[in-house]
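Visitor: Below are the structure tokens for one structure; questions will follow.
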Protein chains: 6
Amino acid sequence: MNLSARNQLKGTIKSIKKGDLMAEVVVEIGGQELVSVITASSVDRLGLKTGDAITAVIKATEVMIAK
Amino acid sequence: MNLSARNQLKGTIKSIKKGDLMAEVVVEIGGQELVSVITASSVDRLGLKTGDAITAVIKATEVMIAK
Amino acid sequence: MNLSARNQLKGTIKSIKKGDLMAEVVVEIGGQELVSVITASSVDRLGLKTGDAITAVIKATEVMIAK
Amino acid sequence: MNLSARNQLKGTIKSIKKGDLMAEVVVEIGGQELVSVITASSVDRLGLKTGDAITAVIKATEVMIAK
Amino acid sequence: MNLSARNQLKGTIKSIKKGDLMAEVVVEIGGQELVSVITASSVDRLGLKTGDAITAVIKATEVMIAK
Amino acid sequence: MNLSARNQLKGTIKSIKKGDLMAEVVVEIGGQELVSVITASSVDRLGLKTGDAITAVIKATEVMIAK
């Protein structure tokens, strides 16, 4: 499956913190940390756990630039 | 200024392509490419140009996980 | 590849209109029309054309409810 | 009231799960399920409950295409 | 029609600039300017023009805080 | 730091309600209320509290128009 979302960065899950509905997933990508908030049920559905090799997917319109 | 958006990745602008209203900015971050679509007027307002050191800013809720 | 985005609806591309940077893709899903705006370069990268069987992907946090 | 968001799909609420701040609303639309995450206070403000006829509203820029 | 999106600010359209697919709508709200980028076809569909009394609608999850 | 996000509205925090992962921040801006949902850890990281002078930041593509 190819996805229109342009940014697909390979990384590793460092930690997962589940709340009642949402979950916070910290990913290491090339030495930097990227934080993702998804639903807790998606964490379960994908079977995500610390150490998993995953891809972080981000739409181009969601990337802001600061200078 | 500190921003609630959790992900702030330092990088360098590789290319800018301006359309009539929107612009596509390609950023190199730790050896990976990240594509950003912002308004062309923001490119002008920030004076963005190839080679600029910038920060890519992404809200945690906009980072999806694929496995 | 499984994706954290919860909503994945199967449909067919009815029309594609490309602008200078962005593109408008109209999809038919179960008798209803869904409009997607993605980058024109993603249309090229995925090789999208009218009649293609595709999946529309939408994050749960992007679905509002009106009543 | 007309809204600029292009996608407005009529459906029925199948279930609501409220967390401390957010809520997950499952909607049936033409035989398919669509999941929405909104604030729990919006569920209260709109008086949403299972069986309600509602409209799911999605901006065109939030619809990705996978192929 | 009530919408789950929490922020609904009344204002007046100051200017509209249409590109090939997208449009930039500048709104005055309580003495401040708010810029909206929507599809050009939504501008046509709603019949938006300078001077119109409109409501700017923003989901709570899209409002970041800087300090 | 200048940010590509066009809308930067100065305001004051009226209330903060923290959930397990997310938090709801109500801001007063020119006599109107704006509600923001960010992560609870961002509330801590920025040290946000009632009465703080802050800036609400919103991307132009996230502002819908209703008429």
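In the structure tokens, chains take letters A, B, ... by order of appearance, with residues numbered from 1 within each chain and ligands from 1 in the order shown.
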Define the interface residues of chain A facing chain D as those within 9 Å, counting only C-alpha atoms, and report them as a list in words.

Guide: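 The complete set of qualifying residues is Met1, Asn2, Leu3, Ser4, Ala5, Gly19, Asp20, Leu21, Met22, Thr39, Lys59 and Thr61 of chain A.
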
Visitor: Any chance you could export the current selection's all heavy atoms as a PDB file, in the first residue's frame?

Guide:
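New file part-v7.pdb:
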```pdb
ATOM      1  N   MET A   1       0.843  -1.208   0.000  1.00  0.00           N
ATOM      2  CA  MET A   1       0.000   0.000   0.000  1.00  0.00           C
ATOM      3  C   MET A   1       0.873   1.251   0.000  1.00  0.00           C
ATOM      4  O   MET A   1       1.717   1.433   0.863  1.00  0.00           O
ATOM      5  CB  MET A   1      -0.899  -0.005   1.244  1.00  0.00           C
ATOM      6  CG  MET A   1      -1.966   1.079   1.207  1.00  0.00           C
ATOM      7  SD  MET A   1      -3.082   1.067   2.672  1.00  0.00           S
ATOM      8  CE  MET A   1      -2.048   1.836   3.940  1.00  0.00           C
ATOM      9  N   ASN A   2       0.655   2.108  -1.006  1.00  0.00           N
ATOM     10  CA  ASN A   2       1.328   3.410  -1.007  1.00  0.00           C
ATOM     11  C   ASN A   2       0.352   4.468  -0.552  1.00  0.00           C
ATOM     12  O   ASN A   2      -0.822   4.430  -0.882  1.00  0.00           O
ATOM     13  CB  ASN A   2       1.832   3.736  -2.412  1.00  0.00           C
ATOM     14  CG  ASN A   2       3.049   2.910  -2.752  1.00  0.00           C
ATOM     15  OD1 ASN A   2       3.978   2.836  -1.966  1.00  0.00           O
ATOM     16  ND2 ASN A   2       3.040   2.282  -3.931  1.00  0.00           N
ATOM     17  N   LEU A   3       0.866   5.438   0.193  1.00  0.00           N
ATOM     18  CA  LEU A   3       0.007   6.446   0.813  1.00  0.00           C
ATOM     19  C   LEU A   3       0.384   7.829   0.288  1.00  0.00           C
ATOM     20  O   LEU A   3       1.548   8.131   0.081  1.00  0.00           O
ATOM     21  CB  LEU A   3       0.227   6.386   2.340  1.00  0.00           C
ATOM     22  CG  LEU A   3      -0.723   7.170   3.216  1.00  0.00           C
ATOM     23  CD1 LEU A   3      -2.152   6.653   3.093  1.00  0.00           C
ATOM     24  CD2 LEU A   3      -0.282   7.090   4.672  1.00  0.00           C
ATOM     25  N   SER A   4      -0.654   8.680   0.098  1.00  0.00           N
ATOM     26  CA  SER A   4      -0.383  10.033  -0.411  1.00  0.00           C
ATOM     27  C   SER A   4       0.436  10.865   0.580  1.00  0.00           C
ATOM     28  O   SER A   4       1.125  11.797   0.170  1.00  0.00           O
ATOM     29  CB  SER A   4      -1.699  10.740  -0.763  1.00  0.00           C
ATOM     30  OG  SER A   4      -2.536  10.843   0.366  1.00  0.00           O
ATOM     31  N   ALA A   5       0.368  10.554   1.865  1.00  0.00           N
ATOM     32  CA  ALA A   5       1.145  11.317   2.850  1.00  0.00           C
ATOM     33  C   ALA A   5       2.631  11.188   2.521  1.00  0.00           C
ATOM     34  O   ALA A   5       3.169  10.084   2.445  1.00  0.00           O
ATOM     35  CB  ALA A   5       0.864  10.816   4.260  1.00  0.00           C
ATOM     36  N   GLY A  19      -3.432   6.363  27.829  1.00  0.00           N
ATOM     37  CA  GLY A  19      -4.453   6.990  28.639  1.00  0.00           C
ATOM     38  C   GLY A  19      -5.758   6.254  28.461  1.00  0.00           C
ATOM     39  O   GLY A  19      -5.779   5.128  27.950  1.00  0.00           O
ATOM     40  N   ASP A  20      -6.870   6.851  28.866  1.00  0.00           N
ATOM     41  CA  ASP A  20      -8.147   6.130  28.773  1.00  0.00           C
ATOM     42  C   ASP A  20      -8.613   5.977  27.319  1.00  0.00           C
ATOM     43  O   ASP A  20      -9.182   4.959  26.949  1.00  0.00           O
ATOM     44  CB  ASP A  20      -9.228   6.769  29.663  1.00  0.00           C
ATOM     45  CG  ASP A  20      -9.438   8.248  29.384  1.00  0.00           C
ATOM     46  OD1 ASP A  20      -8.822   8.789  28.455  1.00  0.00           O
ATOM     47  OD2 ASP A  20     -10.237   8.873  30.112  1.00  0.00           O
ATOM     48  N   LEU A  21      -8.354   6.977  26.475  1.00  0.00           N
ATOM     49  CA  LEU A  21      -8.764   6.892  25.068  1.00  0.00           C
ATOM     50  C   LEU A  21      -7.596   7.099  24.117  1.00  0.00           C
ATOM     51  O   LEU A  21      -7.551   6.534  23.043  1.00  0.00           O
ATOM     52  CB  LEU A  21      -9.820   7.969  24.759  1.00  0.00           C
ATOM     53  CG  LEU A  21     -11.272   7.639  24.976  1.00  0.00           C
ATOM     54  CD1 LEU A  21     -12.137   8.806  24.524  1.00  0.00           C
ATOM     55  CD2 LEU A  21     -11.692   6.390  24.206  1.00  0.00           C
ATOM     56  N   MET A  22      -6.660   7.956  24.513  1.00  0.00           N
ATOM     57  CA  MET A  22      -5.531   8.298  23.654  1.00  0.00           C
ATOM     58  C   MET A  22      -4.263   7.646  24.201  1.00  0.00           C
ATOM     59  O   MET A  22      -4.223   7.189  25.334  1.00  0.00           O
ATOM     60  CB  MET A  22      -5.365   9.818  23.604  1.00  0.00           C
ATOM     61  CG  MET A  22      -6.628  10.595  23.216  1.00  0.00           C
ATOM     62  SD  MET A  22      -7.328  10.129  21.595  1.00  0.00           S
ATOM     63  CE  MET A  22      -6.182  10.954  20.486  1.00  0.00           C
ATOM     64  N   THR A  39      -4.964   7.029  18.986  1.00  0.00           N
ATOM     65  CA  THR A  39      -5.919   6.444  19.929  1.00  0.00           C
ATOM     66  C   THR A  39      -5.300   5.192  20.566  1.00  0.00           C
ATOM     67  O   THR A  39      -4.528   4.470  19.940  1.00  0.00           O
ATOM     68  CB  THR A  39      -7.249   6.053  19.248  1.00  0.00           C
ATOM     69  OG1 THR A  39      -6.970   5.158  18.185  1.00  0.00           O
ATOM     70  CG2 THR A  39      -7.959   7.276  18.693  1.00  0.00           C
ATOM     71  N   LYS A  59       1.563  14.065   7.033  1.00  0.00           N
ATOM     72  CA  LYS A  59       1.178  14.789   5.818  1.00  0.00           C
ATOM     73  C   LYS A  59       2.016  16.056   5.671  1.00  0.00           C
ATOM     74  O   LYS A  59       2.299  16.739   6.664  1.00  0.00           O
ATOM     75  CB  LYS A  59      -0.288  15.212   5.896  1.00  0.00           C
ATOM     76  CG  LYS A  59      -1.252  14.087   5.647  1.00  0.00           C
ATOM     77  CD  LYS A  59      -2.659  14.628   5.466  1.00  0.00           C
ATOM     78  CE  LYS A  59      -2.997  15.602   6.573  1.00  0.00           C
ATOM     79  NZ  LYS A  59      -4.118  16.470   6.238  1.00  0.00           N
ATOM     80  N   THR A  61       1.154  18.934   4.636  1.00  0.00           N
ATOM     81  CA  THR A  61       0.458  20.145   5.106  1.00  0.00           C
ATOM     82  C   THR A  61       0.498  20.294   6.635  1.00  0.00           C
ATOM     83  O   THR A  61       0.101  21.326   7.161  1.00  0.00           O
ATOM     84  CB  THR A  61      -1.026  20.155   4.658  1.00  0.00           C
ATOM     85  OG1 THR A  61      -1.600  18.885   4.954  1.00  0.00           O
ATOM     86  CG2 THR A  61      -1.146  20.432   3.175  1.00  0.00           C
TER      87      THR A  61
END
```

Visitor: As a list of chain:residue names, please: every residue in chain A that a backbone DSSP assignment puts in helix (DSSP H, G or I).

Guide: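 In chain A, DSSP puts these residues in helix (DSSP H, G or I): A:Ala40, A:Ser41, A:Ser42, A:Val43, A:Asp44, A:Arg45, A:Leu46, A:Ala60, A:Thr61, A:Glu62.
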
Visitor: Which polymer residues have any atom within 6 Å of an atom of segment 41-51 of chain A, counting only C-alpha atoms, with same-chain residues fewer than 3 positions away left out, as an MDAnalysis selection string?

Guide: (chainID A and resid 12:15) or (chainID C and resid 4)

Visitor: Take the residues that were just selected and, keeping N, CA and C atoms, output them as a JSON list (two decimals), in the first residue's frame.

Guide:
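To be explicit, this is the file written out as selection39.json:
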```
[["chain", "number", "residue", "atom", "x", "y", "z"],
["A", 12, "THR", "N", 12.09, 3.66, 15.62],
["A", 12, "THR", "CA", 11.90, 2.61, 16.62],
["A", 12, "THR", "C", 11.12, 3.18, 17.79],
["A", 13, "ILE", "N", 10.17, 2.40, 18.31],
["A", 13, "ILE", "CA", 9.38, 2.87, 19.46],
["A", 13, "ILE", "C", 10.21, 2.82, 20.74],
["A", 14, "LYS", "N", 10.30, 3.98, 21.40],
["A", 14, "LYS", "CA", 11.05, 4.05, 22.67],
["A", 14, "LYS", "C", 10.15, 3.86, 23.88],
["A", 15, "SER", "N", 8.93, 4.37, 23.81],
["A", 15, "SER", "CA", 8.01, 4.21, 24.94],
["A", 15, "SER", "C", 6.58, 4.43, 24.47],
["C", 4, "SER", "N", -2.05, 3.60, 11.84],
["C", 4, "SER", "CA", -2.83, 3.97, 13.02],
["C", 4, "SER", "C", -4.11, 4.72, 12.66]]
```

Visitor: Could you tell me how far atom CA of Gln32 of chain E lies from atom CA of Leu9 of chain E, in Å and to one decimal?

Guide: 11.4 Å

Visitor: For Gly11 of chain A, find every residue with an atom within 6 Å (counting only C-alpha atoms), except residues of its own chain fewer than 3 positions away, and show them as a list in words.

Guide: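 So the residues in contact are Glu28, Ile29, Ala53, Ile54 and Thr55 of chain A.
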
Visitor: Could you find all residues in chain E that DSSP calls strand (DSSP E or B) from the backbone, and write them as number ranges by chain?

Guide: E: 3, 7-18, 22-29, 32-39, 53-58, 64-66

Visitor: Just write the chosen residues, C-alpha atoms, as a PDB file, in the first residue's frame.

Guide:
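again.pdb written:
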```pdb
ATOM      1  CA  LEU E   3     -20.969  21.318  15.042  1.00  0.00           C
ATOM      2  CA  ASN E   7     -14.375  27.452  18.271  1.00  0.00           C
ATOM      3  CA  GLN E   8     -16.846  29.458  16.234  1.00  0.00           C
ATOM      4  CA  LEU E   9     -15.844  33.103  15.929  1.00  0.00           C
ATOM      5  CA  LYS E  10     -18.050  35.663  14.203  1.00  0.00           C
ATOM      6  CA  GLY E  11     -16.294  37.984  11.771  1.00  0.00           C
ATOM      7  CA  THR E  12     -16.314  39.777   8.422  1.00  0.00           C
ATOM      8  CA  ILE E  13     -14.477  38.880   5.210  1.00  0.00           C
ATOM      9  CA  LYS E  14     -11.833  41.500   4.375  1.00  0.00           C
ATOM     10  CA  SER E  15     -10.369  39.946   1.233  1.00  0.00           C
ATOM     11  CA  ILE E  16     -10.377  36.807  -0.896  1.00  0.00           C
ATOM     12  CA  LYS E  17      -7.529  35.700  -3.160  1.00  0.00           C
ATOM     13  CA  LYS E  18      -8.274  32.715  -5.359  1.00  0.00           C
ATOM     14  CA  MET E  22      -7.053  26.854  -3.149  1.00  0.00           C
ATOM     15  CA  ALA E  23      -8.152  30.287  -1.905  1.00  0.00           C
ATOM     16  CA  GLU E  24      -6.959  32.552   0.883  1.00  0.00           C
ATOM     17  CA  VAL E  25      -9.716  34.281   2.849  1.00  0.00           C
ATOM     18  CA  VAL E  26      -8.794  37.052   5.302  1.00  0.00           C
ATOM     19  CA  VAL E  27     -11.352  37.583   8.070  1.00  0.00           C
ATOM     20  CA  GLU E  28     -11.552  40.367  10.655  1.00  0.00           C
ATOM     21  CA  ILE E  29     -12.543  39.108  14.094  1.00  0.00           C
ATOM     22  CA  GLN E  32      -7.716  40.984  14.714  1.00  0.00           C
ATOM     23  CA  GLU E  33      -7.055  39.326  11.365  1.00  0.00           C
ATOM     24  CA  LEU E  34      -7.510  35.598  10.851  1.00  0.00           C
ATOM     25  CA  VAL E  35      -6.348  33.946   7.624  1.00  0.00           C
ATOM     26  CA  SER E  36      -8.119  30.882   6.240  1.00  0.00           C
ATOM     27  CA  VAL E  37      -7.033  28.656   3.353  1.00  0.00           C
ATOM     28  CA  ILE E  38      -9.919  26.650   1.883  1.00  0.00           C
ATOM     29  CA  THR E  39     -10.601  25.251  -1.594  1.00  0.00           C
ATOM     30  CA  ALA E  53     -20.607  38.222   7.798  1.00  0.00           C
ATOM     31  CA  ILE E  54     -19.222  34.733   8.399  1.00  0.00           C
ATOM     32  CA  THR E  55     -18.183  32.395  11.202  1.00  0.00           C
ATOM     33  CA  ALA E  56     -14.622  31.093  11.422  1.00  0.00           C
ATOM     34  CA  VAL E  57     -14.689  27.505  12.695  1.00  0.00           C
ATOM     35  CA  ILE E  58     -11.616  25.901  14.300  1.00  0.00           C
ATOM     36  CA  MET E  64      -1.583  25.508  19.682  1.00  0.00           C
ATOM     37  CA  ILE E  65      -0.338  27.591  22.606  1.00  0.00           C
ATOM     38  CA  ALA E  66       2.917  29.612  22.547  1.00  0.00           C
TER      39      ALA E  66
END
```

Visitor: Please compute the atom CA of Asp52 of chain F-atom CA of Ala60 of chain E distance, one decimal, in Å.

Guide: 18.7 Å

Visitor: Interatomic distance between atom CA of Gly30 of chain F and atom CA of Arg6 of chain F?

Guide: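 Taking atom CA of Gly30 of chain F and atom CA of Arg6 of chain F, their separation equals 17.8 Å.
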